[in-house]
Structure formats: structure tokens, C-alpha cells
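> Okay, handing you the structure first.
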Amino acid sequence: MGRDVELIFDKGAPGRRGSSLPAMDVPKADDFPEELRRGAPPRLPEVSELEAVRHFTRLSRLNFGVDSHFYPLGSCTMKYNPKFHEKIASLYGFAALHPLLPQLRRGGALTQGALAVIYETERLLSAILGFEQFTMQPLAGAHGELTGVMLIAAYHKDRGDKDRKVMLIPDAAHGTNPASAAMAGFDTKIVPTDNDGNVDLEVLKSLLGPETAGIMLTCPNTLGLFDPNTKEVCALVKEAGGLSYCDGANLNAIIGRVRPGDLGFDVMHVNLHKTFSTPHGGGGPGAGPVGVAEHLVPFLPISRVVKRQDGTYTLQYNYPKSIGYIAPFYGNFAVILRAYAYLLTLGRKGLVRVGENAVLNANYIRARLAGKYEVPYDRFCTHECVISASKQAKQDVHALDIAKALIDRGFHPPTMYFPLIVKEALMIEPTETESKEELDEFINAMLEIAETAETDQDALKNAPVTTPVSRLDETLAARKPRVAE
């Protein structure tokens with residue numbers, strides 16, 4: 001990467017400037033009170049414009065981003081975001097809207113387009129995923145999870161089923177499921193995975209009873225596997241009086257091919273920011289709409305967008321059984337808008353190709369790496385493959401070392417040590433947007449790392465060596481973080 005990146009405070013020289021301002025032509029304000037003044041001038045960098053531009057340009061080149069690098073980041077679907085959809089989201093008529101503008105009164109025409117986007121996206125998702133209605137309000141995947149299990153809680157409460165306090169969660173489910181269930185007031189019980197990577201049906205049957213509120217099933221699961229017994233799992237839970245919740249974080253694998261509502265799920269959240277055009281990271285942006293079967297419609301959050309007979313749209317609030325507000329206003333509109341553009345751009349055939357290509361790419365990686373890395377569940381996977389560094393661990397090279405070594409080779413690391421049921425796990429999710437040539441470069445890097453693990457372990461344990469900062473003492477960084485100069 002060339003020279004080490006200096007702090008901007010170490011650049012420049014006293015008196016150097018990168019700007020020139022015109023003479024002040026407004027009346028001088030009253031002086032600040034003495035007690036509010038600084039004791040000494042602030043220590044600001046004194047650099048020229050060129051120095052500032054070069055500094056921040058060099059910093060930007062140190063970032064890994066989906067526009068510049070392959071992102072095999074399993075569980076987070078960091079796929080390419082079409083620039084056309086960014087242009088749609090930045091259109092002034094959408095970007096300049098305020099959520100408190102009127103719906104139908106004077107100025108209401110300003111909001112009719114936005115309300116139409118929300119309504120039409122709800123209807124598209126309902127048709128694609130097999131549910132009666134959707135709410136677009138949840139602001140993230142975990143927020144959608146919480147909304148979904150709150151709907152289940154409201155359903156049982158409305159029926160007088162006060163004893164249904166247990167939410168079943170497979171150990172291959174999405175990691176936030178137990179927290180969402182607990183926040184909704186449920187106790188949780190874990191359902192183990194069988195030897196094939198599916199829900200252990202016999203254990204599931206033994207856990208079902210009058211206290212069962214439902215099950216939270218990630219479909220496909222975090223092993224990157226589609227459980228062929230999904231319909232049977234939903235049927236067993238239904239027979240016991242519970243409801244089935246589908247965690248849609250991995251929808252990218254089955255979009256256009258399977259409608260979760262047809263499998264028997266009663267409620268499902270969808271990550272618009274994973275599957276539908278808005279790659280996320282660093283905490284946002286996100287949107288986690290929730291779809292429900294007919295019997296859960298009365299409990300959906302308010303407000304709801306309704307289309308009137310005259311073709312106009314309005315918001316309605318009078319739903320006595322609703323769980324109420326779960327977010328301010330109407331959801332993360334800019335993310336919903338991108339998803340709407342994505343759906344209209346691809347159409348039904350395009351969505352089918354998304355799932356097919358994502359699955360093809362993941363299985364190509366799995367098959368190419370299977371000889372050098374352990375594949376704990378060596379079967380046809382979906383959109384992501386989970387491999388293990390257990391072989392390399394015998395040489396004292398671990399998943400973390402492999403991830404760090406990938407940085408030196410120009411690739412963002414995949415998810416490490418998740419799912420928890422796989423030792424030394426590396427979860428690789430290529431998405432549908434990567435070419436075979438790009439996948440081959442990544443695969444060759446992984447194979448070369450595996451060979452290095454057999455001959456030169458220190459080379460991997462010292463990685464990365466091409467970055468300004470190499471391997472950190474993570475324990476010390478967590479206990480004594482240095483977040484400022």
C-alpha cells in the first residue's frame with residue numbers, strides 16, 4: 001500500500017491554508033463571554049487544499065467496499081447496489097418529502113406518490129412471498145423479528161392462550177432470534193440440528209406442548225441449507241397450537257422460487273437491505289417489513305396505507321387489535337423506495353435468476369474449496385456455504401488468521417465463527433452479482449492460504465501486513481479503547 005498513512009495533524013506547516021475567504025461584510029457580533037472562551041487555540045491541522053484532498057483520498061482507498069472489493073460476507077448479503085436505484089431514491093420529489101406533510105388536504109399531492117410506493121411494495125411482497133398483508137414499518141431485520149413475535153404474542157393473548165410462553169428456536173437460526181423472543185415476553189427453548197443440518201424432528205416433537213407459542217425458523221438456515229422438512233415443522237407447530245415465524249434474512253437464496261407463506265409460515269420478516277438492493281453495514285440503513293397470514297392481519301402495527309376507491313391513498317389508524325406503533329412515521333422510506341425500484345427493474349423472471357445465481361455461486365465455491373477445507377455439512381447449499389478451518393487449526397492456524405490473510409490478498413473477510421454450531425466456521429456468501437472470474441480469484445486466494453497454513457504458519461498469524469495497522473490486541477482494544485487522538 002506504499003507509505004504509511006499519517007494523521008492529518010502530522011501534515012502541513014504552521015500558517016499553511018487550504019482556503020481563502022472574502023472579507024467579513026456583516027456586523028460584528030457581541031463578544032463571547034470570557035468564561036465561554038477556550039483557554040488556548042484549538043489544535044487544528046494546517047494544510048493546503050492539495051494535502052487535504054490527497055490525505056482523504058488515500059484514506060478512502062483503505063476502505064473495503066462492495067464497489068471496490070469482493071465482499072464474501074455471509075449473513076449480511078453485501079451485494080452490489082445498482083446505481084440506477086440510487087438515482088431513483090435521490091429524486092427531489094422523494095428525497096425532499098417530510099413525513100408530516102398532509103395526505104389529502106392542501107399539498108396532499110406531494111405525498112400521494114410516496115404513499116403509493118409503500119402500498120405497492122406491500123402488495124408486491126405479499127404476492128411474491130405468499131402472505132395476506134405486509135407492514136413496512138420495521139426499521140431493521142431485528143426490528144422485524146421483534147414485530148413478528150409481538151404479533152404472535154398478541155394473537156395468543158386475543159385468544160386467551162395465556163400459557164403459551166415458550167418460543168422454540170433452532171440452534172441454526174439467526175443469532176438475534178432469542179433476543180427478539182425474550183423482548184416480546186417469551187421464554188426460549190433451543191431445538192438442535194440433526195446430522196444433516198436440519199431441524200431435529202424428534203426433539204422438536206418432544207418440545208411441543210400447550211405452552212408452545214411458536215417457532216422461529218430461519219429459512220434457509222444459517223448453515224446455508226434449506227430444510228426439506230420445513231412444511232412438516234410448520235404443520236407440527238400448528239397442530240400443537242403454535243405459530244411459525246420465518247426469519248427472512250436469507251431470502252436471497254429462494255426469492256422467486258419458494259413462497260414462504262405456502263410452506264405454512266404465519267409471519268415473516270424480510271430484509272429489504274439484504275435482498276432488495278440496499279446493501280447495509282455499520283448499523284444501517286435497513287428495513288425489515290413483516291408479512292402475515294390472514295389471521296394475524298388485525299394485529300398489524302399502525303398506521304396502514306389504504307387505497308381508496310377513487311385511487312387516492314391515505315393512512316388509517318383505527319384497528320382496535322393492533323399492536324400499535326413500532327416505529328415513528330411509516331418506515332425507512334428511502335430503503336423501501338430502492339426495493340420498489342429493484343422489484344420493478346427485475347420483474348418475476350429477474351427475481352428467479354437472483355436466487356438461482358446466488359445458489360450457483362455459493363455451490364461453486366463450496367465444491368472448489370471442499371478438498372482443502374472441511375465442509376461440515378457436505379450437501380447442496382443455498383446462497384451461502386459454511387466451511388470450517390478445523391484442518392488448519394491442527395497447524396495452529398485458525399479462522400481468524402485466514403480472515404486476516406484475505407485482507408492482504410485484497411478481499412474482505414467472510415463472517416467468522418458463526419454459526420456457533422460449526423467449529424472454526426467461515427461463512428462465505430458470494431451473492432448473485434459476482435462473476436466467475438472474481439470467484440476464481442477468491443477461491444485461488446483461499447487455496448493458497450490453505451497451502452501456506454501447512455508450510456508457513458507465521459505468515460498467516462502475522463497477517464495483515466499490507467495495512468497501516470496490523471493485528472491488534474483485541475482484548476486490550478476492548479478494555480482500553482483509544483477512540484481519539
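Labels used: A, B, ... for chains in the order of the C-alpha cells, numbers from 1 for residues in each chain, and numbers from 1 for ligands as shown.
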Pull the closest atom pair for each residue of range 387-453 of chain A that gets at most 9 Å from range 351-368 of chain A, along with the distance in Å to one decimal, counting only C-alpha atoms, ordering rows by chain and then ascending residue number, as a Markdown table.

| residue | atom | partner | partner_atom | distance |
| --- | --- | --- | --- | --- |
| A:Ile387 | CA | A:Arg366 | CA | 7.6 |
| A:Ile428 | CA | A:Ala362 | CA | 7.4 |
| A:Glu429 | CA | A:Ala362 | CA | 6.3 |
| A:Pro430 | CA | A:Ala362 | CA | 6.1 |
| A:Thr431 | CA | A:Ala358 | CA | 4.7 |
| A:Glu432 | CA | A:Ala358 | CA | 3.9 |
| A:Thr433 | CA | A:Ala358 | CA | 7.7 |
| A:Glu434 | CA | A:Asn361 | CA | 7.8 |
| A:Ser435 | CA | A:Asn361 | CA | 8.5 |
| A:Lys436 | CA | A:Asn361 | CA | 7.8 |
| A:Leu439 | CA | A:Ile365 | CA | 7.3 |
| A:Asp440 | CA | A:Ile365 | CA | 8.4 |
| A:Phe442 | CA | A:Ile365 | CA | 8.8 |
| A:Ile443 | CA | A:Ile365 | CA | 6.7 |
| A:Leu447 | CA | A:Arg368 | CA | 8.9 |
> Taking 3 positions as the minimum chain separation for residues in the same chain, which residues sit within 8 Å of Leu129 in chain A when counting only C-alpha atoms? Answer as a list of chain:residue names.
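The contact residues come out as A:Leu125, A:Ser126, A:Val258, A:Arg259, A:Pro260, A:Gly261.
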> Excluding same-chain residues fewer than 4 positions from range 166-174 of chain A, what lies within 8 Å of it counting only C-alpha atoms, as a ChimeraX atom specification?
/A:178,181,186-193,199,211-218,221-223,247,249,419,421
> For the strand (DSSP E or B) assignment from backbone DSSP, which residues of range 293-323 of chain A qualify? Please present them as a list in words.
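Across range 293-323 of chain A, those assigned strand (DSSP E or B) are Arg304, Val305, Val306, Lys307, Tyr313, Thr314, Leu315 and Gln316 of chain A.
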> How would the residues just chosen look if you wrote them out with N, CA and C atoms as a PDB file, in the first residue's frame?

ATOM      1  N   ARG A 304     -51.562   2.267   8.698  1.00  0.00           N
ATOM      2  CA  ARG A 304     -51.528   1.453   7.495  1.00  0.00           C
ATOM      3  C   ARG A 304     -51.944   2.297   6.303  1.00  0.00           C
ATOM      4  N   VAL A 305     -51.268   2.062   5.197  1.00  0.00           N
ATOM      5  CA  VAL A 305     -51.607   2.772   3.965  1.00  0.00           C
ATOM      6  C   VAL A 305     -52.759   2.037   3.288  1.00  0.00           C
ATOM      7  N   VAL A 306     -53.813   2.789   2.975  1.00  0.00           N
ATOM      8  CA  VAL A 306     -55.009   2.218   2.363  1.00  0.00           C
ATOM      9  C   VAL A 306     -55.277   2.940   1.042  1.00  0.00           C
ATOM     10  N   LYS A 307     -55.667   2.172   0.038  1.00  0.00           N
ATOM     11  CA  LYS A 307     -56.030   2.743  -1.258  1.00  0.00           C
ATOM     12  C   LYS A 307     -57.537   2.902  -1.326  1.00  0.00           C
ATOM     13  N   TYR A 313     -54.579   7.575  -1.887  1.00  0.00           N
ATOM     14  CA  TYR A 313     -54.054   6.818  -0.761  1.00  0.00           C
ATOM     15  C   TYR A 313     -54.173   7.635   0.517  1.00  0.00           C
ATOM     16  N   THR A 314     -54.404   6.936   1.616  1.00  0.00           N
ATOM     17  CA  THR A 314     -54.489   7.601   2.904  1.00  0.00           C
ATOM     18  C   THR A 314     -53.963   6.676   3.985  1.00  0.00           C
ATOM     19  N   LEU A 315     -53.733   7.216   5.163  1.00  0.00           N
ATOM     20  CA  LEU A 315     -53.274   6.438   6.315  1.00  0.00           C
ATOM     21  C   LEU A 315     -54.455   6.209   7.259  1.00  0.00           C
ATOM     22  N   GLN A 316     -54.598   4.980   7.717  1.00  0.00           N
ATOM     23  CA  GLN A 316     -55.663   4.655   8.659  1.00  0.00           C
ATOM     24  C   GLN A 316     -55.074   4.117   9.960  1.00  0.00           C
TER      25      GLN A 316
END
> CA of Tyr330 in chain A to CA of Gln137 in chain A: how many Å, to one decimal?
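Pair CA of Tyr330 in chain A / CA of Gln137 in chain A returns 5.3 Å.
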> Counting only C-alpha atoms, which of A:Cys381, A:Ile128, A:Val292, A:Met416 gets nearest to Ala253 in chain A?
A:Cys381
> Rank A:Ala445, A:Ile407, A:Ala287, A:Ile152 by their smallest atom-to-atom distance to Phe64 in chain A, using only C-alpha atoms, and report the top residue only.
A:Ile407
> So which one's closest to Arg61 in chain A, A:Val5, A:Arg409, A:Asp310, A:Pro328? Using only C-alpha atoms, please.
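So, comparing all the options, the nearest one is A:Val5.
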> Taking only C-alpha atoms into account, which of A:Ile326, A:Leu110, A:Ala341, A:Ile302 comes nearest Lys83 in chain A?
A:Ala341
> At what distance in Å, to one decimal, does CA of Glu145 in chain A lie from CA of Met268 in chain A?
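These two atoms are separated by 7.9 Å.
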> Using only C-alpha atoms, which residue out of A:Phe84, A:Phe265, A:Phe299, A:Phe276 lies closest to Val335 in chain A?
A:Phe276
> Select from range 123-260 of chain A everything DSSP, run on the backbone, classes as helix (DSSP H, G or I), then give the selection as a ChimeraX atom specification.
/A:123-129,141-159,177-183,201-207,230-239,251-253,260
> Can I get the selection written as a compact mmCIF listing (two decimals), in the first residue's frame, with N, CA and C atoms?

# COMPACT_ATOMS: atom_id res chain seq x y z
N ARG A 123 -47.94 -4.78 -1.56
CA ARG A 123 -48.69 -5.74 -2.39
C ARG A 123 -47.73 -6.65 -3.16
N LEU A 124 -46.62 -6.11 -3.65
CA LEU A 124 -45.66 -6.93 -4.37
C LEU A 124 -45.06 -7.99 -3.45
N LEU A 125 -44.66 -7.59 -2.25
CA LEU A 125 -44.08 -8.54 -1.30
C LEU A 125 -45.09 -9.60 -0.90
N SER A 126 -46.35 -9.20 -0.73
CA SER A 126 -47.39 -10.17 -0.37
C SER A 126 -47.54 -11.22 -1.45
N ALA A 127 -47.53 -10.78 -2.70
CA ALA A 127 -47.69 -11.72 -3.81
C ALA A 127 -46.47 -12.62 -3.97
N ILE A 128 -45.28 -12.05 -3.84
CA ILE A 128 -44.04 -12.81 -4.05
C ILE A 128 -43.83 -13.84 -2.95
N LEU A 129 -44.23 -13.50 -1.70
CA LEU A 129 -43.90 -14.33 -0.55
C LEU A 129 -45.08 -15.10 0.01
N GLY A 141 -33.78 -5.68 10.35
CA GLY A 141 -34.16 -7.08 10.45
C GLY A 141 -34.57 -7.48 11.84
N ALA A 142 -33.76 -7.13 12.85
CA ALA A 142 -34.10 -7.49 14.23
C ALA A 142 -35.38 -6.80 14.67
N HIS A 143 -35.61 -5.59 14.17
CA HIS A 143 -36.85 -4.88 14.48
C HIS A 143 -38.04 -5.62 13.86
N GLY A 144 -37.83 -6.19 12.67
CA GLY A 144 -38.87 -7.01 12.06
C GLY A 144 -39.12 -8.28 12.85
N GLU A 145 -38.05 -8.89 13.34
CA GLU A 145 -38.20 -10.08 14.20
C GLU A 145 -39.07 -9.74 15.41
N LEU A 146 -38.73 -8.65 16.09
CA LEU A 146 -39.48 -8.26 17.27
C LEU A 146 -40.94 -8.02 16.93
N THR A 147 -41.19 -7.33 15.82
CA THR A 147 -42.56 -7.09 15.40
C THR A 147 -43.30 -8.40 15.16
N GLY A 148 -42.63 -9.35 14.50
CA GLY A 148 -43.26 -10.63 14.19
C GLY A 148 -43.65 -11.40 15.43
N VAL A 149 -42.76 -11.47 16.42
CA VAL A 149 -43.08 -12.23 17.63
C VAL A 149 -44.07 -11.46 18.51
N MET A 150 -44.09 -10.12 18.42
CA MET A 150 -45.13 -9.35 19.10
C MET A 150 -46.50 -9.65 18.52
N LEU A 151 -46.56 -9.86 17.21
CA LEU A 151 -47.82 -10.23 16.58
C LEU A 151 -48.28 -11.61 17.06
N ILE A 152 -47.33 -12.54 17.20
CA ILE A 152 -47.67 -13.86 17.73
C ILE A 152 -48.19 -13.74 19.15
N ALA A 153 -47.53 -12.92 19.97
CA ALA A 153 -47.97 -12.72 21.35
C ALA A 153 -49.37 -12.13 21.40
N ALA A 154 -49.65 -11.14 20.53
CA ALA A 154 -50.97 -10.52 20.50
C ALA A 154 -52.04 -11.52 20.07
N TYR A 155 -51.71 -12.39 19.13
CA TYR A 155 -52.65 -13.41 18.67
C TYR A 155 -53.04 -14.34 19.80
N HIS A 156 -52.07 -14.85 20.54
CA HIS A 156 -52.38 -15.77 21.64
C HIS A 156 -53.13 -15.06 22.76
N LYS A 157 -52.77 -13.83 23.03
CA LYS A 157 -53.46 -13.07 24.08
C LYS A 157 -54.92 -12.85 23.70
N ASP A 158 -55.16 -12.53 22.44
CA ASP A 158 -56.53 -12.30 21.98
C ASP A 158 -57.38 -13.55 22.10
N ARG A 159 -56.77 -14.72 21.96
CA ARG A 159 -57.49 -15.99 22.06
C ARG A 159 -57.58 -16.49 23.50
N ASN A 177 -32.57 -13.98 16.99
CA ASN A 177 -33.91 -14.52 17.31
C ASN A 177 -34.18 -14.65 18.80
N PRO A 178 -33.26 -15.21 19.60
CA PRO A 178 -33.56 -15.36 21.04
C PRO A 178 -33.81 -14.03 21.73
N ALA A 179 -33.05 -13.00 21.37
CA ALA A 179 -33.25 -11.69 21.99
C ALA A 179 -34.61 -11.12 21.62
N SER A 180 -35.00 -11.26 20.35
CA SER A 180 -36.31 -10.75 19.93
C SER A 180 -37.44 -11.45 20.67
N ALA A 181 -37.32 -12.77 20.80
CA ALA A 181 -38.34 -13.53 21.51
C ALA A 181 -38.42 -13.11 22.97
N ALA A 182 -37.27 -12.92 23.60
CA ALA A 182 -37.25 -12.51 25.01
C ALA A 182 -37.86 -11.13 25.18
N MET A 183 -37.57 -10.21 24.27
CA MET A 183 -38.13 -8.86 24.37
C MET A 183 -39.64 -8.87 24.20
N LEU A 201 -36.30 -33.40 14.09
CA LEU A 201 -37.76 -33.53 14.23
C LEU A 201 -38.17 -34.24 15.51
N GLU A 202 -37.41 -35.24 15.92
CA GLU A 202 -37.79 -35.98 17.12
C GLU A 202 -37.68 -35.10 18.36
N VAL A 203 -36.63 -34.30 18.44
CA VAL A 203 -36.50 -33.38 19.57
C VAL A 203 -37.60 -32.32 19.51
N LEU A 204 -37.89 -31.83 18.31
CA LEU A 204 -38.96 -30.85 18.16
C LEU A 204 -40.28 -31.38 18.69
N LYS A 205 -40.60 -32.60 18.31
CA LYS A 205 -41.87 -33.19 18.77
C LYS A 205 -41.91 -33.29 20.29
N SER A 206 -40.78 -33.59 20.90
CA SER A 206 -40.76 -33.73 22.36
C SER A 206 -40.91 -32.39 23.09
N LEU A 207 -40.60 -31.29 22.37
CA LEU A 207 -40.69 -29.96 22.99
C LEU A 207 -42.04 -29.30 22.80
N THR A 230 -39.33 -28.38 6.17
CA THR A 230 -39.91 -27.11 6.63
C THR A 230 -41.42 -27.19 6.74
N LYS A 231 -42.09 -27.72 5.74
CA LYS A 231 -43.56 -27.80 5.79
C LYS A 231 -44.01 -28.68 6.94
N GLU A 232 -43.28 -29.76 7.20
CA GLU A 232 -43.64 -30.63 8.31
C GLU A 232 -43.43 -29.94 9.65
N VAL A 233 -42.35 -29.17 9.77
CA VAL A 233 -42.10 -28.42 11.01
C VAL A 233 -43.25 -27.46 11.28
N CYS A 234 -43.64 -26.70 10.26
CA CYS A 234 -44.75 -25.75 10.43
C CYS A 234 -46.05 -26.48 10.79
N ALA A 235 -46.28 -27.63 10.17
CA ALA A 235 -47.51 -28.39 10.45
C ALA A 235 -47.52 -28.92 11.88
N LEU A 236 -46.37 -29.39 12.36
CA LEU A 236 -46.28 -29.91 13.73
C LEU A 236 -46.55 -28.79 14.75
N VAL A 237 -45.97 -27.62 14.50
CA VAL A 237 -46.17 -26.50 15.41
C VAL A 237 -47.63 -26.05 15.39
N LYS A 238 -48.23 -26.02 14.22
CA LYS A 238 -49.63 -25.63 14.10
C LYS A 238 -50.54 -26.61 14.83
N GLU A 239 -50.23 -27.90 14.71
CA GLU A 239 -51.03 -28.93 15.38
C GLU A 239 -50.96 -28.76 16.90
N LEU A 251 -33.43 -14.75 2.54
CA LEU A 251 -34.38 -14.84 1.43
C LEU A 251 -33.69 -14.80 0.07
N ASN A 252 -32.50 -14.21 0.00
CA ASN A 252 -31.78 -14.11 -1.27
C ASN A 252 -31.61 -15.47 -1.95
N ALA A 253 -31.68 -16.53 -1.16
CA ALA A 253 -31.47 -17.88 -1.72
C ALA A 253 -32.69 -18.42 -2.45
N PRO A 260 -42.66 -18.49 1.12
CA PRO A 260 -42.70 -18.99 2.49
C PRO A 260 -44.10 -19.15 3.05
> Looking at A:Val66, A:Ile254, A:Leu343, A:Cys246, which one is nearest to Val267 in chain A, with distances taken over only C-alpha atoms?
A:Cys246
> CA of Leu21 in chain A and CA of Phe9 in chain A, how far apart in Å?
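Pair CA of Phe9 in chain A / CA of Leu21 in chain A returns 22.2 Å.
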